[in-house]
>>> print(open('target_27.cif').read())   # mmCIF, C-alpha atoms and all ligand atoms
data_start
#
loop_
_atom_site.label_atom_id
_atom_site.label_comp_id
_atom_site.auth_asym_id
_atom_site.auth_seq_id
_atom_site.Cartn_x
_atom_site.Cartn_y
_atom_site.Cartn_z
CA MET A 230 -7.33 -11.02 -24.40
CA LYS A 231 -5.80 -7.70 -23.45
CA ALA A 232 -8.10 -6.86 -20.55
CA LEU A 233 -7.38 -10.15 -18.83
CA ASP A 234 -3.65 -9.57 -19.16
CA LEU A 235 -4.12 -6.85 -16.56
CA GLN A 236 -5.43 -9.32 -14.00
CA PRO A 237 -3.24 -10.73 -11.27
CA ARG A 238 -2.54 -14.24 -12.49
CA GLY A 239 -2.21 -16.12 -9.22
CA LEU A 240 -5.26 -14.38 -7.77
CA LEU A 241 -7.30 -15.35 -10.81
CA ARG A 242 -6.22 -18.93 -10.42
CA GLU A 243 -7.12 -19.02 -6.78
CA HIS A 244 -10.50 -17.36 -7.06
CA SER A 245 -11.87 -18.55 -10.36
CA ASN A 246 -9.96 -21.63 -11.44
CA SER A 247 -8.96 -19.75 -14.55
CA ASP A 248 -5.55 -18.89 -15.92
CA ALA A 249 -4.54 -15.47 -17.18
CA SER A 250 -6.06 -16.08 -20.60
CA GLY A 251 -9.38 -16.99 -19.04
CA ASN A 252 -8.98 -20.72 -19.66
CA CYS A 253 -10.26 -22.98 -16.96
CA ALA A 254 -8.58 -25.88 -15.28
CA ILE A 255 -5.48 -24.96 -13.33
CA LEU A 256 -6.87 -26.60 -10.20
CA VAL A 257 -9.04 -29.26 -11.79
CA GLY A 258 -6.88 -30.19 -14.78
CA ALA A 259 -6.50 -33.83 -15.75
CA GLY A 260 -3.32 -35.43 -14.44
CA LEU A 261 -3.05 -33.23 -11.34
CA PRO A 262 -3.49 -34.89 -7.95
CA ALA A 263 -7.09 -34.30 -6.84
CA LYS A 264 -6.19 -32.50 -3.61
CA ARG A 265 -3.34 -30.43 -4.94
CA PRO A 266 -3.65 -26.88 -3.58
CA ALA A 267 -3.16 -23.78 -5.71
CA GLN A 268 0.63 -23.34 -5.58
CA ALA A 269 1.32 -19.67 -5.83
CA THR A 270 5.02 -20.46 -5.54
CA GLU A 271 4.87 -22.32 -8.87
CA LEU A 272 4.31 -18.97 -10.55
CA PRO A 273 7.33 -17.01 -11.69
CA LEU A 274 8.58 -15.05 -8.66
CA ALA A 275 7.76 -11.67 -10.25
CA ASP A 276 4.14 -12.74 -10.88
CA HIS A 277 3.81 -14.00 -7.33
CA LEU A 278 5.17 -10.77 -5.83
CA ALA A 279 2.85 -8.68 -8.02
CA ASP A 280 -0.06 -10.86 -6.84
CA LEU A 281 0.90 -10.26 -3.19
CA ALA A 282 1.21 -6.51 -3.72
CA VAL A 283 -2.14 -6.21 -5.53
CA GLU A 284 -3.75 -8.37 -2.87
CA ALA A 285 -2.39 -6.00 -0.20
CA LEU A 286 -3.89 -3.02 -2.06
CA ILE A 287 -7.29 -4.68 -2.34
CA ASP A 288 -7.22 -5.81 1.30
CA GLU A 289 -6.38 -2.24 2.36
CA ALA A 290 -9.21 -0.76 0.29
CA ASP A 291 -11.75 -3.33 1.55
CA LEU A 292 -10.79 -3.00 5.23
CA SER A 293 -13.60 -1.18 7.08
CA PRO A 294 -14.34 1.03 8.94
CA LYS A 295 -11.23 3.15 8.17
CA PRO A 296 -11.41 6.74 9.40
CA GLY A 297 -11.71 9.28 6.56
CA LEU A 298 -10.68 6.79 3.87
CA VAL A 299 -12.46 4.98 1.04
CA ASP A 300 -13.76 1.63 2.32
CA ARG A 301 -16.72 -0.77 2.00
CA ARG A 302 -18.99 1.82 3.64
CA GLY A 303 -18.31 4.62 1.16
CA ASN A 304 -15.86 7.23 -0.08
CA GLY A 305 -14.89 8.76 3.30
CA ALA A 306 -13.54 12.29 2.85
CA HIS A 307 -12.85 11.74 -0.88
CA HIS A 308 -15.19 13.15 -3.51
CA ASP A 309 -13.41 11.65 -6.49
CA MET A 310 -12.95 8.03 -5.36
CA THR A 311 -15.06 4.91 -4.83
CA LEU A 312 -14.21 1.40 -3.69
CA ALA A 313 -14.68 0.16 -7.28
CA LEU A 314 -12.16 2.76 -8.47
CA MET A 315 -9.64 1.62 -5.83
CA HIS A 316 -10.08 -1.99 -7.04
CA ALA A 317 -9.71 -1.02 -10.71
CA SER A 318 -6.58 0.96 -9.87
CA ALA A 319 -5.06 -1.90 -7.84
CA LEU A 320 -5.60 -4.38 -10.67
CA ALA A 321 -4.19 -1.97 -13.25
CA LEU A 322 -0.96 -1.80 -11.24
CA TRP A 323 -0.24 -5.53 -11.54
CA PRO A 324 1.90 -5.28 -14.72
CA CYS A 325 3.91 -2.38 -13.26
CA LEU A 326 4.62 -4.27 -10.05
CA ARG A 327 5.50 -7.46 -11.93
CA ASN A 328 7.83 -5.48 -14.22
CA MET A 329 9.54 -3.91 -11.19
CA ALA A 330 10.19 -7.34 -9.67
CA GLU A 331 11.44 -8.69 -13.02
CA ALA A 332 13.75 -5.71 -13.45
CA ALA A 333 15.22 -6.27 -9.98
CA GLN A 334 15.81 -9.95 -10.79
CA ALA A 335 17.42 -9.09 -14.12
CA ILE A 336 19.64 -6.30 -12.74
CA GLY A 337 20.44 -8.36 -9.67
CA THR A 338 22.07 -5.70 -7.49
CA LEU A 339 21.05 -2.64 -5.60
CA GLY A 340 22.35 0.51 -7.28
CA GLN A 341 21.77 3.38 -9.67
CA PRO A 342 20.72 1.23 -12.68
CA LEU A 343 17.95 -0.40 -10.62
CA ARG A 344 16.78 2.95 -9.21
CA THR A 345 16.67 4.50 -12.70
CA THR A 346 14.69 1.56 -14.09
CA LEU A 347 12.24 1.57 -11.16
CA GLY A 348 11.67 5.30 -11.65
CA GLN A 349 10.76 4.72 -15.29
CA LEU A 350 8.48 1.77 -14.44
CA GLY A 351 6.92 3.74 -11.57
CA ARG A 352 5.97 6.56 -13.91
CA GLU A 353 4.47 4.00 -16.33
CA GLY A 354 2.52 2.61 -13.36
CA GLU A 355 1.24 6.08 -12.50
CA ALA A 356 0.12 6.49 -16.12
CA ALA A 357 -1.68 3.12 -15.98
CA MET A 358 -3.35 4.16 -12.71
CA LEU A 359 -4.52 7.49 -14.15
CA ALA A 360 -5.82 5.74 -17.28
CA ALA A 361 -7.76 3.24 -15.16
CA THR A 362 -9.24 5.92 -12.88
CA GLY A 363 -9.92 8.69 -15.39
CA GLY A 364 -7.21 10.87 -13.87
CA VAL A 365 -7.74 10.28 -10.14
CA ASN A 366 -4.67 9.77 -7.93
CA THR A 367 -5.75 6.58 -6.17
CA HIS A 368 -2.38 4.94 -5.44
CA ARG A 369 0.59 7.24 -6.10
CA GLY A 370 2.17 6.67 -2.72
CA ALA A 371 1.42 2.95 -2.90
CA ILE A 372 3.23 2.55 -6.24
CA TRP A 373 6.25 4.15 -4.63
CA ALA A 374 6.26 2.05 -1.44
CA LEU A 375 5.18 -1.29 -2.93
CA GLY A 376 7.42 -0.84 -5.97
CA LEU A 377 10.49 -0.50 -3.76
CA LEU A 378 9.45 -3.43 -1.56
CA VAL A 379 8.64 -5.76 -4.46
CA ALA A 380 12.05 -4.97 -5.98
CA SER A 381 13.71 -5.55 -2.63
CA LYS A 382 12.13 -9.01 -2.28
CA ALA A 383 13.04 -9.91 -5.86
CA LEU A 384 16.70 -9.15 -5.05
CA ASP A 385 16.72 -11.46 -2.03
CA THR A 386 13.91 -13.98 -1.68
CA GLN A 387 15.12 -15.12 1.77
CA ALA A 388 14.91 -11.68 3.41
CA ASP A 389 12.54 -11.04 6.33
CA ALA A 390 10.32 -7.96 6.65
CA SER A 391 12.80 -5.61 8.29
CA THR A 392 15.64 -6.59 5.95
CA LEU A 393 13.29 -6.02 2.99
CA ALA A 394 12.28 -2.58 4.24
CA ALA A 395 15.90 -1.57 4.93
CA ARG A 396 16.98 -2.65 1.45
CA ALA A 397 14.03 -0.82 -0.14
CA GLY A 398 15.22 2.26 1.75
CA ARG A 399 18.70 1.92 0.27
CA ILE A 400 17.21 1.79 -3.24
CA ALA A 401 15.19 4.94 -2.47
CA LEU A 402 18.37 6.80 -1.47
CA PHE A 403 19.60 6.78 -5.07
CA ASP A 404 18.46 9.77 -7.11
CA ASP A 405 16.03 9.28 -9.94
CA PRO A 406 17.70 11.15 -12.81
CA ALA A 407 14.40 11.53 -14.71
CA MET A 408 12.39 12.74 -11.74
CA THR A 409 9.79 15.31 -12.71
CA THR A 410 10.26 18.88 -11.49
CA GLN A 411 6.47 19.26 -11.21
CA ASP A 412 5.27 20.52 -7.86
CA SER A 413 3.30 17.80 -6.06
CA HIS A 414 1.06 18.26 -3.04
CA GLY A 415 3.69 16.43 -1.00
CA ARG A 416 6.45 18.83 -2.05
CA GLN A 417 4.36 21.89 -1.31
CA VAL A 418 3.50 20.54 2.13
CA ARG A 419 7.12 19.71 2.90
CA ARG A 420 8.13 23.25 1.95
CA ARG A 421 5.36 24.83 4.02
CA TYR A 422 5.70 22.73 7.18
CA GLY A 423 9.26 21.38 6.91
CA THR A 424 8.17 17.76 7.47
CA GLY A 425 9.27 14.64 5.61
CA GLY A 426 6.89 12.72 3.36
CA ALA A 427 6.70 9.55 1.27
CA ARG A 428 10.26 9.86 -0.02
CA GLU A 429 11.84 10.23 3.45
CA GLN A 430 9.68 7.46 4.93
CA ALA A 431 11.02 5.08 2.30
CA GLN A 432 14.61 6.31 2.54
CA GLN A 433 14.58 5.63 6.30
CA GLY A 434 13.46 2.03 5.69
CA PHE A 435 9.74 2.53 6.44
CA PRO A 436 10.01 3.15 10.21
CA ALA A 437 6.24 3.68 10.54
CA VAL A 438 5.68 0.15 9.21
CA ILE A 439 8.60 -1.71 10.78
CA GLY A 440 8.47 0.08 14.16
CA HIS A 441 4.70 0.53 14.50
CA GLY A 442 2.34 -1.10 11.94
CA LEU A 443 3.81 -4.60 11.85
CA PRO A 444 4.43 -4.89 15.63
CA GLN A 445 0.84 -3.72 16.29
CA LEU A 446 -0.53 -6.22 13.76
CA GLN A 447 1.25 -9.02 15.65
CA ARG A 448 0.29 -7.70 19.10
CA SER A 449 -3.40 -7.46 18.21
CA ARG A 450 -3.40 -10.95 16.65
CA THR A 451 -1.68 -12.35 19.73
CA ALA A 452 -4.25 -10.64 21.97
CA GLY A 453 -6.96 -12.53 20.07
CA ALA A 454 -8.29 -9.78 17.79
CA SER A 455 -9.86 -10.89 14.52
CA GLU A 456 -7.77 -10.29 11.39
CA PRO A 457 -9.75 -7.17 10.32
CA HIS A 458 -9.43 -5.70 13.81
CA ALA A 459 -5.71 -6.44 13.90
CA ARG A 460 -5.32 -4.69 10.52
CA LEU A 461 -7.33 -1.68 11.67
CA ASP A 462 -5.09 -1.47 14.75
CA ALA A 463 -2.02 -1.60 12.48
CA LEU A 464 -3.45 1.28 10.42
CA LEU A 465 -4.07 3.27 13.62
CA ALA A 466 -0.52 2.61 14.86
CA ILE A 467 0.82 4.03 11.57
CA MET A 468 -1.56 7.01 11.68
CA ALA A 469 -0.44 7.80 15.23
CA VAL A 470 3.17 8.49 14.18
CA LEU A 471 3.14 9.44 10.48
CA ASN A 472 3.68 12.95 9.07
CA ASP A 473 1.07 12.22 6.42
CA THR A 474 1.35 14.80 3.65
CA CYS A 475 -2.18 13.89 2.43
CA VAL A 476 -3.54 15.00 5.82
CA LEU A 477 -1.36 18.11 5.93
CA TRP A 478 -2.38 19.10 2.39
CA ARG A 479 -6.10 18.80 3.08
CA SER A 480 -6.35 19.96 6.68
CA GLY A 481 -3.02 21.39 7.85
CA PRO A 482 -1.38 20.82 11.26
CA THR A 483 -4.79 20.85 12.99
CA GLY A 484 -5.86 17.87 10.88
CA LEU A 485 -2.58 16.04 11.48
CA ALA A 486 -2.87 16.54 15.24
CA ALA A 487 -6.45 15.21 15.12
CA VAL A 488 -5.36 12.13 13.15
CA GLN A 489 -2.40 11.32 15.39
CA HIS A 490 -4.13 12.02 18.68
CA GLY A 491 -7.35 10.27 17.63
CA ALA A 492 -5.49 7.15 16.48
CA ARG A 493 -3.54 7.01 19.75
CA THR A 494 -6.76 7.32 21.74
CA VAL A 495 -8.41 4.37 19.95
CA LEU A 496 -5.37 2.21 20.68
CA SER A 497 -5.07 3.31 24.30
CA GLU A 498 -8.76 2.47 24.81
CA GLY A 499 -8.01 -1.12 23.80
CA GLY A 500 -8.00 -0.96 19.98
CA SER A 501 -10.69 -1.58 17.38
CA ALA A 502 -11.63 -5.00 18.80
CA THR A 503 -13.01 -3.46 21.99
CA LEU A 504 -16.25 -1.58 22.52
CA ALA A 505 -14.46 1.45 24.01
CA GLY A 506 -11.95 1.48 21.14
CA ARG A 507 -14.72 1.27 18.52
CA ARG A 508 -16.54 4.17 20.16
CA GLN A 509 -13.37 6.29 19.81
CA LEU A 510 -12.89 5.07 16.25
CA ARG A 511 -16.39 6.24 15.33
CA ARG A 512 -15.66 9.61 16.92
CA LEU A 513 -12.37 9.89 15.01
CA ASP A 514 -14.10 9.07 11.70
CA GLN A 515 -16.69 11.80 12.27
CA HIS A 516 -14.00 14.29 13.30
CA LEU A 517 -11.90 13.57 10.19
CA LEU A 518 -14.89 13.92 7.87
CA HIS A 519 -15.65 17.27 9.51
CA LEU A 520 -12.03 18.41 8.94
CA ASN A 521 -11.95 16.93 5.40
CA ALA A 522 -8.88 14.99 6.55
CA SER A 523 -7.94 11.60 5.15
CA PRO A 524 -4.88 9.56 6.11
CA GLY A 525 -4.01 8.44 2.55
CA GLY A 526 -0.31 8.05 3.28
CA ALA A 527 -1.05 5.80 6.25
CA ALA A 528 -3.38 3.74 4.03
CA ASP A 529 -0.54 3.24 1.51
CA LEU A 530 1.73 2.16 4.35
CA LEU A 531 -0.89 -0.28 5.64
CA ALA A 532 -0.77 -1.92 2.19
CA ALA A 533 3.04 -2.00 2.52
CA CYS A 534 2.62 -3.55 5.98
CA LEU A 535 0.27 -6.27 4.68
CA PHE A 536 2.67 -7.00 1.81
CA LEU A 537 5.63 -7.30 4.20
CA ASP A 538 3.61 -9.49 6.56
CA LYS A 539 3.26 -12.07 3.76
CA ALA A 540 6.40 -11.49 1.67
CA GLY A 541 8.62 -11.37 4.76
CA SER A 542 7.79 -14.98 5.60
CA LEU A 543 7.78 -16.60 2.13
C1 LIG A 601 8.18 9.86 -3.88
C2 LIG A 601 6.83 9.98 -4.51
C3 LIG A 601 5.86 9.23 -3.63
C4 LIG A 601 6.40 11.44 -4.71
O1 LIG A 601 6.12 12.01 -3.50
P1 LIG A 601 5.54 13.46 -3.29
O2 LIG A 601 5.45 13.65 -1.82
O3 LIG A 601 6.34 14.46 -4.05
O4 LIG A 601 4.17 13.36 -4.04
P2 LIG A 601 2.61 13.31 -3.77
O5 LIG A 601 2.16 14.28 -2.75
O6 LIG A 601 1.99 13.40 -5.11
O7 LIG A 601 2.37 11.81 -3.28
C5 LIG A 601 2.71 11.35 -2.05
C6 LIG A 601 2.02 10.02 -1.83
O8 LIG A 601 2.62 9.39 -0.73
C7 LIG A 601 1.69 9.10 0.30
N1 LIG A 601 2.21 9.69 1.56
C8 LIG A 601 1.96 10.88 2.11
N2 LIG A 601 2.66 11.07 3.22
C9 LIG A 601 3.40 9.97 3.38
C10 LIG A 601 4.35 9.57 4.37
N3 LIG A 601 4.70 10.35 5.38
N4 LIG A 601 4.91 8.36 4.22
C11 LIG A 601 4.57 7.56 3.21
N5 LIG A 601 3.68 7.88 2.26
C12 LIG A 601 3.11 9.07 2.34
C13 LIG A 601 0.38 9.71 -0.09
O9 LIG A 601 -0.63 8.78 -0.04
C14 LIG A 601 0.55 10.20 -1.51
O10 LIG A 601 -0.15 9.39 -2.41
C15 LIG A 601 6.77 9.19 -5.80
O11 LIG A 601 5.49 9.27 -6.31
C16 LIG A 601 7.73 9.50 -6.94
O12 LIG A 601 8.78 10.10 -6.84
N6 LIG A 601 7.33 9.01 -8.08
C17 LIG A 601 8.10 9.12 -9.30
C18 LIG A 601 8.33 7.77 -9.94
C19 LIG A 601 9.27 6.87 -9.18
O13 LIG A 601 10.40 7.15 -8.85
N7 LIG A 601 8.84 5.68 -8.88
C20 LIG A 601 9.65 4.73 -8.21
C21 LIG A 601 8.90 3.50 -8.04
S1 LIG A 601 9.68 2.42 -6.93
N1 LIG A 602 -8.51 3.55 0.96
C1 LIG A 602 -8.01 4.74 0.59
N2 LIG A 602 -8.80 5.82 0.57
C2 LIG A 602 -8.31 7.01 0.22
N3 LIG A 602 -7.02 7.24 -0.11
C3 LIG A 602 -6.18 6.20 -0.12
C4 LIG A 602 -6.64 4.91 0.22
N4 LIG A 602 -5.62 4.06 0.12
C5 LIG A 602 -4.56 4.78 -0.25
N5 LIG A 602 -4.86 6.09 -0.40
C6 LIG A 602 -3.86 7.14 -0.76
O1 LIG A 602 -4.27 8.48 -0.49
C7 LIG A 602 -4.01 9.30 -1.62
C8 LIG A 602 -5.21 10.17 -1.87
O2 LIG A 602 -5.14 11.33 -1.11
P1 LIG A 602 -5.60 12.72 -1.70
O3 LIG A 602 -7.00 12.62 -2.22
O4 LIG A 602 -5.34 13.71 -0.62
O5 LIG A 602 -4.63 12.81 -2.93
P2 LIG A 602 -4.12 14.00 -3.77
O6 LIG A 602 -4.15 13.61 -5.20
O7 LIG A 602 -2.77 14.39 -3.22
O8 LIG A 602 -5.16 15.16 -3.48
P3 LIG A 602 -6.51 15.55 -4.23
O9 LIG A 602 -7.35 14.32 -4.40
O10 LIG A 602 -7.11 16.53 -3.26
O11 LIG A 602 -6.07 16.13 -5.54
C9 LIG A 602 -3.78 8.41 -2.79
O12 LIG A 602 -2.67 8.83 -3.53
C10 LIG A 602 -3.51 7.06 -2.21
O13 LIG A 602 -2.14 6.76 -2.32
#
>>> encode(input="target_27.cif", output="structure tokens", more="lines below")
Ligand SMILES: CC(C)(COP(=O)(O)OP(=O)(O)OC[C@H]1O[C@@H](n2cnc3c(N)ncnc32)[C@H](O)[C@@H]1O)[C@@H](O)C(=O)NCCC(=O)NCCS
Ligand SMILES: Nc1ncnc2c1ncn2[C@@H]1O[C@H](COP(=O)(O)OP(=O)(O)OP(=O)(O)O)[C@@H](O)[C@H]1O
Amino acid sequence: MKALDLQPRGLLREHSNSDASGNCAILVGAGLPAKRPAQATELPLADHLADLAVEALIDEADLSPKPGLVDRRGNGAHHDMTLALMHASALALWPCLRNMAEAAQAIGTLGQPLRTTLGQLGREGEAAMLAATGGVNTHRGAIWALGLLVASKALDTQADASTLAARAGRIALFDDPAMTTQDSHGRQVRRRYGTGGAREQAQQGFPAVIGHGLPQLQRSRTAGASEPHARLDALLAIMAVLNDTCVLWRSGPTGLAAVQHGARTVLSEGGSATLAGRRQLRRLDQHLLHLNASPGGAADLLAACLFLDKAGSL
């Protein structure tokens, strides 16, 4: 069944008691101990990492209320995206992410051959995304960030989050010989404003995630925030520092200043778990919709943050 081959295998097992071919019984099969939990680690490593990455993408999309972004409430500042489209895109990326992890395992070392292979697989992933979304760019930055991180974990299964991010950065420093010369929004923005974008963020070892998103996630959890509030705070911590080329493309430096300042204000008011923080968050959402600004790069990095939170402690 071709369509089911696109589904994350471990996730399917967990949620529906079905295997990838749609057959029942992984959890209830005869001969298994009655209380045996779903063992994601029994999956091949590459499948498990692809499951974690797709899960991070779906968790990011579902998280609400995110300022300007697609979430459970609606399409934010985006006219060509819906939550269902984000889900379809995330699921369609499973084979690409699995293939990237498998390639890293097979190649075994960080270097030009791995970078070249990941570039090829990344472009295939972009094609799968565009096919699933009818041409909408739902996850370009996420393929880039999660692809590098999945490969990094496949190279060293013992590595913690910051080691994984640093190694992903070293992969990103190699040139992709087949890189397209097409002008992207990110490139145009970098030329116009002289800022870095997705490429530089990765090459530096994801400082917005390691230095801001992940520490904030932990701080908010420790302070007693619920998991969705802790994740919203992590998103805000990333937004507060990122030169997000999505924001710059749609709303220029004025939009970027509004995103960064607004995110900082929510956090300084106590974060999304507090009444004062939520009031500021609502104000920020309205302001971003007015400016047509959407922190898509920060959303991709939140997915990277959620992936590292789980993969870093496997
Ligand atoms: C490096 C990439 C992201 C291209 O970046 P570029 O800035 O030129 O393109 P574009 O504007 O189309 O996309 C940028 C994406 O990154 C996200 N983003 C924007 N700003 C940032 C930022 N500061 N940090 C991180 N992500 C960001 C956005 O959400 C957007 O989706 C990448 O898509 C690429 O080179 N792909 C080719 C295939 C490849 O090598 N794949 C490797 C897989 S590991
Ligand atoms: N929940 C989300 N909502 C909206 N965007 C998201 C979300 N999660 C991640 N993103 C990222 O934001 C990017 C979308 O931003 P944007 O619409 O500005 O993209 P674009 O293709 O560069 O521009 P345009 O849509 O104007 O052509 C996606 O590539 C995706 O990586």
>>> residues_near_ligand(input="target_27.cif", ligand="ligand LIG 601 (chain A)", cutoff="6 Å", atoms="all atoms listed in the file", output="PyMOL selection string")
chain A and resi 347-348+351-352+368-370+373+376-377+413-416+426-428+430+471-475+525-526+529
>>> residues_near_ligand(input="target_27.cif", ligand="ligand LIG 602 (chain A)", cutoff="9 Å", atoms="all atoms listed in the file", output="mmCIF file with C-alpha atoms, in the coordinates of the input")
data_model
loop_
_atom_site.group_PDB
_atom_site.id
_atom_site.type_symbol
_atom_site.label_atom_id
_atom_site.label_comp_id
_atom_site.auth_asym_id
_atom_site.auth_seq_id
_atom_site.Cartn_x
_atom_site.Cartn_y
_atom_site.Cartn_z
ATOM 1 C CA LEU A 286 -3.890 -3.020 -2.060
ATOM 2 C CA ILE A 287 -7.290 -4.680 -2.340
ATOM 3 C CA GLU A 289 -6.380 -2.240 2.360
ATOM 4 C CA ALA A 290 -9.210 -0.760 0.290
ATOM 5 C CA ASP A 291 -11.750 -3.330 1.550
ATOM 6 C CA LEU A 292 -10.790 -3.000 5.230
ATOM 7 C CA LYS A 295 -11.230 3.150 8.170
ATOM 8 C CA GLY A 297 -11.710 9.280 6.560
ATOM 9 C CA LEU A 298 -10.680 6.790 3.870
ATOM 10 C CA VAL A 299 -12.460 4.980 1.040
ATOM 11 C CA ASP A 300 -13.760 1.630 2.320
ATOM 12 C CA ASN A 304 -15.860 7.230 -0.080
ATOM 13 C CA GLY A 305 -14.890 8.760 3.300
ATOM 14 C CA ALA A 306 -13.540 12.290 2.850
ATOM 15 C CA HIS A 307 -12.850 11.740 -0.880
ATOM 16 C CA HIS A 308 -15.190 13.150 -3.510
ATOM 17 C CA ASP A 309 -13.410 11.650 -6.490
ATOM 18 C CA MET A 310 -12.950 8.030 -5.360
ATOM 19 C CA THR A 311 -15.060 4.910 -4.830
ATOM 20 C CA LEU A 312 -14.210 1.400 -3.690
ATOM 21 C CA MET A 315 -9.640 1.620 -5.830
ATOM 22 C CA VAL A 365 -7.740 10.280 -10.140
ATOM 23 C CA ASN A 366 -4.670 9.770 -7.930
ATOM 24 C CA THR A 367 -5.750 6.580 -6.170
ATOM 25 C CA HIS A 368 -2.380 4.940 -5.440
ATOM 26 C CA ARG A 369 0.590 7.240 -6.100
ATOM 27 C CA GLY A 370 2.170 6.670 -2.720
ATOM 28 C CA ALA A 371 1.420 2.950 -2.900
ATOM 29 C CA ILE A 372 3.230 2.550 -6.240
ATOM 30 C CA SER A 413 3.300 17.800 -6.060
ATOM 31 C CA HIS A 414 1.060 18.260 -3.040
ATOM 32 C CA GLY A 415 3.690 16.430 -1.000
ATOM 33 C CA THR A 474 1.350 14.800 3.650
ATOM 34 C CA CYS A 475 -2.180 13.890 2.430
ATOM 35 C CA VAL A 476 -3.540 15.000 5.820
ATOM 36 C CA LEU A 477 -1.360 18.110 5.930
ATOM 37 C CA TRP A 478 -2.380 19.100 2.390
ATOM 38 C CA ARG A 479 -6.100 18.800 3.080
ATOM 39 C CA ALA A 522 -8.880 14.990 6.550
ATOM 40 C CA SER A 523 -7.940 11.600 5.150
ATOM 41 C CA PRO A 524 -4.880 9.560 6.110
ATOM 42 C CA GLY A 525 -4.010 8.440 2.550
ATOM 43 C CA GLY A 526 -0.310 8.050 3.280
ATOM 44 C CA ALA A 527 -1.050 5.800 6.250
ATOM 45 C CA ALA A 528 -3.380 3.740 4.030
ATOM 46 C CA ASP A 529 -0.540 3.240 1.510
ATOM 47 C CA LEU A 530 1.730 2.160 4.350
ATOM 48 C CA LEU A 531 -0.890 -0.280 5.640
ATOM 49 C CA ALA A 532 -0.770 -1.920 2.190
#
>>> residues_around(input="target_27.cif", residues="Gly499 (chain A)", least_positions_apart="6", cutoff="10 Å", atoms="only C-alpha atoms", output="list of chain:residue names")
A:Ser449, A:Asp462, A:Ala505, A:Gly506, A:Arg507, A:Gln509
>>> residues_around(input="target_27.cif", residues="region 443-447 of chain A", least_positions_apart="6", cutoff="7 Å", atoms="all atoms listed in the file", output="MDAnalysis selection string")
chainID A and resid 459:460 462:463 466 534
>>> write_last_selection(input="target_27.cif", atoms="C-alpha atoms", output="PDB file, in the coordinates of the input")
ATOM      1  CA  ALA A 459      -5.710  -6.440  13.900  1.00  0.00           C
ATOM      2  CA  ARG A 460      -5.320  -4.690  10.520  1.00  0.00           C
ATOM      3  CA  ASP A 462      -5.090  -1.470  14.750  1.00  0.00           C
ATOM      4  CA  ALA A 463      -2.020  -1.600  12.480  1.00  0.00           C
ATOM      5  CA  ALA A 466      -0.520   2.610  14.860  1.00  0.00           C
ATOM      6  CA  CYS A 534       2.620  -3.550   5.980  1.00  0.00           C
TER       7      CYS A 534
END
>>> closest_residue(input="target_27.cif", among="A:Gly500, A:Gly340, A:Gly484, A:Gly354", to="Asp405 (chain A)", atoms="only C-alpha atoms")
A:Gly340
